[in-house]
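Notes follow the structure.
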Amino acid sequence: MTFEELGLNEALLEALGYMGFEKATPIQEKAIPVILKNKDLLACAQTGTGKTAAFILPILQMLAENPTDHCGALVIAPTRELAIQIEQQIQAFAYFVNLSSIAVYGGGDGNEFVEQKKALINGTDLIVATPGKLLSHLNMGYVNFKNLQFLILDEADRMLDMGFFEDITKIVKYTSNDRQTLLFSATMPPKIRQLAKSILKQPEEISIAISKPAEGVLQAAYLAYESQKAELVKTLIDQKPNYESIIIFSSTKKKVRDVVRVLNGSKYQVQAISSDLEQKEREMALRKFKSKETRVIVATDVLSRGIDIKGIDLVINYDVPSDAEDYVHRIGRTGRAQSTGVAITLINEDDMYKFHKIEKLIEKEVIKIPMPKELGSGPEWKTHTSKKRGKYQGGKRRYNKSRR
Ligand code: AMP
């Protein structure tokens with residue numbers, strides 16, 4: 001479906017054109033009409049589905065049609081990074097509409113706090129905020145959300161995991177009862193249902209199903225420091241002489257080159273595949289892999305979607321993919337069409353929360369295997385988020401003052 005068919009106005013269509021968005025994603029197709037009808041929404045959708053545009057676009061349209069002097073929309077997001085990302089998307093979409101936005105998060109200096117305060121008092125149209133910092137502004141008494149038309153909670157499950165339930169409840173109390181509320185969450189555990197019940201009014205529900213890994217894939221993980229990974233991969237491959245076809249996925253071209261460098265001294269054939277290669281070279285490399293001339297390929301995600309190479313024995317995720325859908329696509333290269341396969345993920349200390357999130361989405365706890373003794377011990381498995389919360393609340397903030 002096109003965005004025009006979804007009823008978006010010319011100004012937004014023009015911005016979408018510049019951004020190269022041609023067709024709406026499933027969540028956009030389902031959510032935009034509901035939001036434009038002024039209904040509350042409970043949406044189960046993960047990062048990567050296009051959920052951000054699904055709520056920003058209709059809200060920009062409605063705010064542009066009904067301008068106010070007060071803050072019109074408030075988006076609450078769990079982390080500084082996500083708040084910045086959402087506000088950047090708002091700026092891009094709002095290029096041809098006369099609306100202002102600001103990202104409010106912690107860690108800045110006193111001047112920045114004053115600037116945020118000014119923006120909140122003056123009624124910036126769209127506020128994107130992390131809960132803790134917003135609450136400190138609200139507690140000072142100068143923010144008026146009584147005319148707020150839209151409240152959006154993004155990644156609500158993550159916010160609850162980070163211990164923000166009470167903060168959110170407090171923030172909601174500052175807003176008008178007539179508001180339209182949208183709640184987006186990657187998962188729907190009972191505590192999200194409970195939150196939804198207390199802040200949404202007769203919501204429409206939308207769920208974008210995520211794919212699940214095939215049953216035949218044996219999944220395992222190693223907790224390894226970054227510096228241990230290359231040697232670990234070498235050990236894993238050396239220990240499995242009967243595995244004829246192995247794919248190693250990495251998120252960056254640099255890491256692909258690093259792994260290839262370490263494996264190149266081995267007795268087997270190793271080939272890198274990334275966007276560094278021309279299409280023809282890629283095809284040639286794949287042909288050699290399919291004919292088992294090459295035993296190991298090391299690839300970025302260009303390979304993870306869609307390509308059906310049969311009979312892969314082992315997939316190694318050199319790092320944890322950014323979203324669960326990529327994880328499912330990567331490990332889907334093995335165990336296809338009833339055959340069994342093994343998928344091993346290497347998790348460093350920074351990727352544990354990300355992997356934990358993937359486990360929740362695929363509804364499976366993946367076994368963590370101890371590091372081989374000769375490589376030393378790896379980091380301990382931790383999924384607590386208090387460290388993250390501190391980390392994400394810090395840093396600089398941005399402020400878009402312009403009212404175009
Ligand atoms: P999100 O799930 O909101 O984090 O979006 C994931 C990515 O998809 C972002 O980089 C968006 O810019 C992009 N995106 C969202 N909707 C569309 C669309 N309809 N067409 C093309 N890209 C999109």
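Going through the structure tokens in order, the chains are called A, B, and so on, while each chain numbers its residues from 1 and the ligands are numbered from 1 in the order shown.
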Open item on the list: To test your reading of the structure, identify every residue in segment 176-289 of chain A that backbone DSSP assigns to alpha helix (DSSP H), and report it as a count of residues only.
Closed with: 45
Counting only C-alpha atoms and all ligand atoms, which residues of chain A sit at most 8 Å from some atom of ligand 1, and what is each one's closest atom pair with its distance in Å to one decimal, listed by chain and rising residue number, as a tab-separated table?
residue	atom	partner	partner_atom_place_in_ligand_line	distance
A:Gly20	CA	ligand 1	21 (C)	6.6
A:Phe21	CA	ligand 1	20 (N)	3.9
A:Glu22	CA	ligand 1	20 (N)	5.7
A:Lys23	CA	ligand 1	19 (N)	5.0
A:Ala24	CA	ligand 1	19 (N)	4.0
A:Thr25	CA	ligand 1	19 (N)	4.9
A:Gln28	CA	ligand 1	19 (N)	7.3
A:Ala45	CA	ligand 1	2 (O)	8.0
A:Gln46	CA	ligand 1	2 (O)	6.4
A:Thr47	CA	ligand 1	2 (O)	4.0
A:Gly48	CA	ligand 1	2 (O)	3.3
A:Thr49	CA	ligand 1	2 (O)	4.0
A:Gly50	CA	ligand 1	2 (O)	3.4
A:Lys51	CA	ligand 1	3 (O)	4.1
A:Thr52	CA	ligand 1	3 (O)	3.7
A:Ala53	CA	ligand 1	3 (O)	5.7
A:Ala54	CA	ligand 1	3 (O)	7.5
A:Gln89	CA	ligand 1	12 (O)	7.4
Store the residues picked out above in a file with C-alpha atoms, as a CSV table (one decimal), in the first residue's frame.
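So selection13.csv came out as:
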chain,number,residue,atom,x,y,z
A,20,GLY,CA,12.9,7.1,-0.5
A,21,PHE,CA,10.0,5.5,1.4
A,22,GLU,CA,7.8,4.1,-1.4
A,23,LYS,CA,5.5,1.6,0.2
A,24,ALA,CA,4.2,1.4,3.8
A,25,THR,CA,5.4,-1.5,5.9
A,28,GLN,CA,2.4,1.3,9.0
A,45,ALA,CA,6.0,-4.6,16.9
A,46,GLN,CA,9.8,-4.7,17.2
A,47,THR,CA,12.6,-2.5,15.9
A,48,GLY,CA,13.1,-2.8,12.2
A,49,THR,CA,9.4,-3.0,11.3
A,50,GLY,CA,9.0,0.7,10.6
A,51,LYS,CA,7.1,1.3,13.9
A,52,THR,CA,8.6,4.8,14.4
A,53,ALA,CA,7.2,6.2,11.2
A,54,ALA,CA,3.9,4.3,11.9
A,89,GLN,CA,13.0,11.0,12.1
Near-Thr345 of chain A list (7 Å; only C-alpha atoms; drop same-chain fewer than 4 positions) as an mmCIF file with all heavy atoms, in the first residue's frame:
data_model
loop_
_atom_site.group_PDB
_atom_site.id
_atom_site.type_symbol
_atom_site.label_atom_id
_atom_site.label_comp_id
_atom_site.auth_asym_id
_atom_site.auth_seq_id
_atom_site.Cartn_x
_atom_site.Cartn_y
_atom_site.Cartn_z
ATOM 1 N N ALA A 220 23.269 -22.326 20.235
ATOM 2 C CA ALA A 220 24.120 -22.226 21.418
ATOM 3 C C ALA A 220 24.862 -20.895 21.370
ATOM 4 O O ALA A 220 24.867 -20.210 20.338
ATOM 5 C CB ALA A 220 25.109 -23.383 21.438
ATOM 6 N N ALA A 221 25.479 -20.519 22.496
ATOM 7 C CA ALA A 221 26.200 -19.242 22.525
ATOM 8 C C ALA A 221 27.432 -19.352 23.407
ATOM 9 O O ALA A 221 27.474 -20.170 24.332
ATOM 10 C CB ALA A 221 25.283 -18.143 23.048
ATOM 11 N N TYR A 222 28.443 -18.562 23.097
ATOM 12 C CA TYR A 222 29.628 -18.424 23.959
ATOM 13 C C TYR A 222 29.674 -16.985 24.450
ATOM 14 O O TYR A 222 29.417 -16.052 23.672
ATOM 15 C CB TYR A 222 30.912 -18.697 23.173
ATOM 16 C CG TYR A 222 31.176 -20.153 22.906
ATOM 17 C CD1 TYR A 222 30.664 -20.757 21.766
ATOM 18 C CD2 TYR A 222 31.937 -20.915 23.781
ATOM 19 C CE1 TYR A 222 30.897 -22.098 21.510
ATOM 20 C CE2 TYR A 222 32.184 -22.261 23.534
ATOM 21 C CZ TYR A 222 31.663 -22.843 22.402
ATOM 22 O OH TYR A 222 31.898 -24.164 22.150
ATOM 23 N N ILE A 316 27.964 -19.285 12.392
ATOM 24 C CA ILE A 316 28.519 -18.612 13.576
ATOM 25 C C ILE A 316 28.179 -17.127 13.480
ATOM 26 O O ILE A 316 28.486 -16.476 12.469
ATOM 27 C CB ILE A 316 30.051 -18.793 13.670
ATOM 28 C CG1 ILE A 316 30.399 -20.278 13.834
ATOM 29 C CG2 ILE A 316 30.626 -17.979 14.837
ATOM 30 C CD1 ILE A 316 31.901 -20.581 13.845
ATOM 31 N N ASN A 317 27.516 -16.603 14.501
ATOM 32 C CA ASN A 317 27.295 -15.160 14.573
ATOM 33 C C ASN A 317 28.476 -14.571 15.331
ATOM 34 O O ASN A 317 28.581 -14.733 16.544
ATOM 35 C CB ASN A 317 26.014 -14.835 15.341
ATOM 36 C CG ASN A 317 24.788 -15.220 14.560
ATOM 37 O OD1 ASN A 317 24.711 -14.977 13.362
ATOM 38 N ND2 ASN A 317 23.826 -15.832 15.235
ATOM 39 N N TYR A 318 29.332 -13.888 14.610
ATOM 40 C CA TYR A 318 30.529 -13.330 15.247
ATOM 41 C C TYR A 318 30.135 -12.226 16.221
ATOM 42 O O TYR A 318 30.835 -11.952 17.176
ATOM 43 C CB TYR A 318 31.452 -12.777 14.158
ATOM 44 C CG TYR A 318 32.851 -12.506 14.621
ATOM 45 C CD1 TYR A 318 33.731 -13.555 14.830
ATOM 46 C CD2 TYR A 318 33.279 -11.209 14.859
ATOM 47 C CE1 TYR A 318 35.018 -13.320 15.265
ATOM 48 C CE2 TYR A 318 34.577 -10.961 15.291
ATOM 49 C CZ TYR A 318 35.430 -12.026 15.498
ATOM 50 O OH TYR A 318 36.707 -11.795 15.936
ATOM 51 N N ASP A 319 29.009 -11.600 15.943
ATOM 52 C CA ASP A 319 28.457 -10.648 16.909
ATOM 53 C C ASP A 319 26.946 -10.809 16.929
ATOM 54 O O ASP A 319 26.366 -11.476 16.081
ATOM 55 C CB ASP A 319 28.850 -9.206 16.568
ATOM 56 C CG ASP A 319 28.771 -8.944 15.083
ATOM 57 O OD1 ASP A 319 27.885 -9.514 14.420
ATOM 58 O OD2 ASP A 319 29.609 -8.179 14.583
ATOM 59 N N VAL A 320 26.304 -10.192 17.913
ATOM 60 C CA VAL A 320 24.851 -10.342 18.053
ATOM 61 C C VAL A 320 24.181 -9.362 17.095
ATOM 62 O O VAL A 320 24.471 -8.168 17.134
ATOM 63 C CB VAL A 320 24.424 -10.035 19.512
ATOM 64 C CG1 VAL A 320 22.914 -10.138 19.658
ATOM 65 C CG2 VAL A 320 25.126 -10.966 20.481
#
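Between Gly107 of chain A and the candidates A:Thr124, A:Thr79, A:Ser250, A:Ser377, the tightest atom-to-atom separation, counting only C-alpha atoms, involves A:Thr79.
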Report as a Markdown table the residues of segment 189-279 of chain A within 10 Å of segment 152-176 of chain A, each with its shortest atom pair and distance in Å (one decimal), using only C-alpha atoms, ordered by chain and increasing residue number.
| residue | atom | partner | partner_atom | distance |
| --- | --- | --- | --- | --- |
| A:Pro189 | CA | A:Asp157 | CA | 7.8 |
| A:Lys191 | CA | A:Leu160 | CA | 8.1 |
| A:Ile192 | CA | A:Asp157 | CA | 6.5 |
| A:Leu195 | CA | A:Phe165 | CA | 8.2 |
| A:Ala196 | CA | A:Ala156 | CA | 9.7 |
| A:Ser198 | CA | A:Thr169 | CA | 8.9 |
| A:Ile199 | CA | A:Val172 | CA | 7.7 |
Store the residues of this selection in a file with N, CA, C and O atoms, as a PDB file, in the first residue's frame.
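Writing done, so here's selection.pdb:
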ATOM      1  N   PRO A 189       4.221  -9.120  27.557  1.00  0.00           N
ATOM      2  CA  PRO A 189       4.097  -9.842  28.823  1.00  0.00           C
ATOM      3  C   PRO A 189       2.942  -9.236  29.649  1.00  0.00           C
ATOM      4  O   PRO A 189       2.476  -8.135  29.345  1.00  0.00           O
ATOM      5  N   LYS A 191       2.738  -7.651  32.386  1.00  0.00           N
ATOM      6  CA  LYS A 191       2.881  -6.296  32.946  1.00  0.00           C
ATOM      7  C   LYS A 191       2.624  -5.212  31.899  1.00  0.00           C
ATOM      8  O   LYS A 191       2.197  -4.107  32.235  1.00  0.00           O
ATOM      9  N   ILE A 192       2.837  -5.531  30.624  1.00  0.00           N
ATOM     10  CA  ILE A 192       2.505  -4.556  29.565  1.00  0.00           C
ATOM     11  C   ILE A 192       0.984  -4.463  29.432  1.00  0.00           C
ATOM     12  O   ILE A 192       0.421  -3.384  29.301  1.00  0.00           O
ATOM     13  N   LEU A 195      -0.196  -2.306  32.207  1.00  0.00           N
ATOM     14  CA  LEU A 195       0.052  -0.885  31.917  1.00  0.00           C
ATOM     15  C   LEU A 195      -0.951  -0.387  30.880  1.00  0.00           C
ATOM     16  O   LEU A 195      -1.540   0.693  31.023  1.00  0.00           O
ATOM     17  N   ALA A 196      -1.155  -1.209  29.828  1.00  0.00           N
ATOM     18  CA  ALA A 196      -2.071  -0.824  28.753  1.00  0.00           C
ATOM     19  C   ALA A 196      -3.470  -0.574  29.313  1.00  0.00           C
ATOM     20  O   ALA A 196      -4.132   0.398  28.961  1.00  0.00           O
ATOM     21  N   SER A 198      -4.279   0.388  32.210  1.00  0.00           N
ATOM     22  CA  SER A 198      -4.417   1.582  33.037  1.00  0.00           C
ATOM     23  C   SER A 198      -4.275   2.887  32.241  1.00  0.00           C
ATOM     24  O   SER A 198      -4.734   3.919  32.698  1.00  0.00           O
ATOM     25  N   ILE A 199      -3.675   2.851  31.047  1.00  0.00           N
ATOM     26  CA  ILE A 199      -3.508   4.136  30.353  1.00  0.00           C
ATOM     27  C   ILE A 199      -4.217   4.228  28.993  1.00  0.00           C
ATOM     28  O   ILE A 199      -4.331   5.317  28.443  1.00  0.00           O
TER      29      ILE A 199
END
- [ ] Could you jot down the atom CA of Lys288 of chain A to atom CA of Ile312 of chain A separation for me, Å, one decimal place?
- [x] 13.5 Å
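The closest residue to Ile246 of chain A, picked from A:Asp351, A:Asp313, A:Asp125, A:Asp323 and counting only C-alpha atoms, is A:Asp313.
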Task: Residue with smallest distance to Leu41 of chain A - pool A:Phe249, A:Tyr327, A:Phe184, A:Tyr105, counting only C-alpha atoms - done: A:Phe184
TODO: Find the residues near segment 90-101 of chain A: any atom within 12 Å, counting only C-alpha atoms, skip ones fewer than 6 places away on the same chain, and give them as a ChimeraX atom specification.
DONE: /A:8-21,52-75,83-84,116,119-120,122-129,398-404
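Separating atom CA of Pro78 of chain A from atom CA of Pro190 of chain A is a distance of 18.8 Å.
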TODO: Please identify all polymer residues within 8 Å of Val259 of chain A, counting only C-alpha atoms, omitting same-chain residues fewer than 4 positions from it, and present them as a PyMOL selection string.
DONE: chain A and resi 230+255+263+298
How would the residues just picked look written out with C-alpha atoms as an mmCIF file, in the first residue's frame?
data_model
loop_
_atom_site.group_PDB
_atom_site.id
_atom_site.type_symbol
_atom_site.label_atom_id
_atom_site.label_comp_id
_atom_site.auth_asym_id
_atom_site.auth_seq_id
_atom_site.Cartn_x
_atom_site.Cartn_y
_atom_site.Cartn_z
ATOM 1 C CA ALA A 230 38.780 -14.678 16.449
ATOM 2 C CA LYS A 255 35.255 -7.570 11.361
ATOM 3 C CA LEU A 263 41.466 -18.004 9.491
ATOM 4 C CA VAL A 298 32.635 -14.880 6.290
#
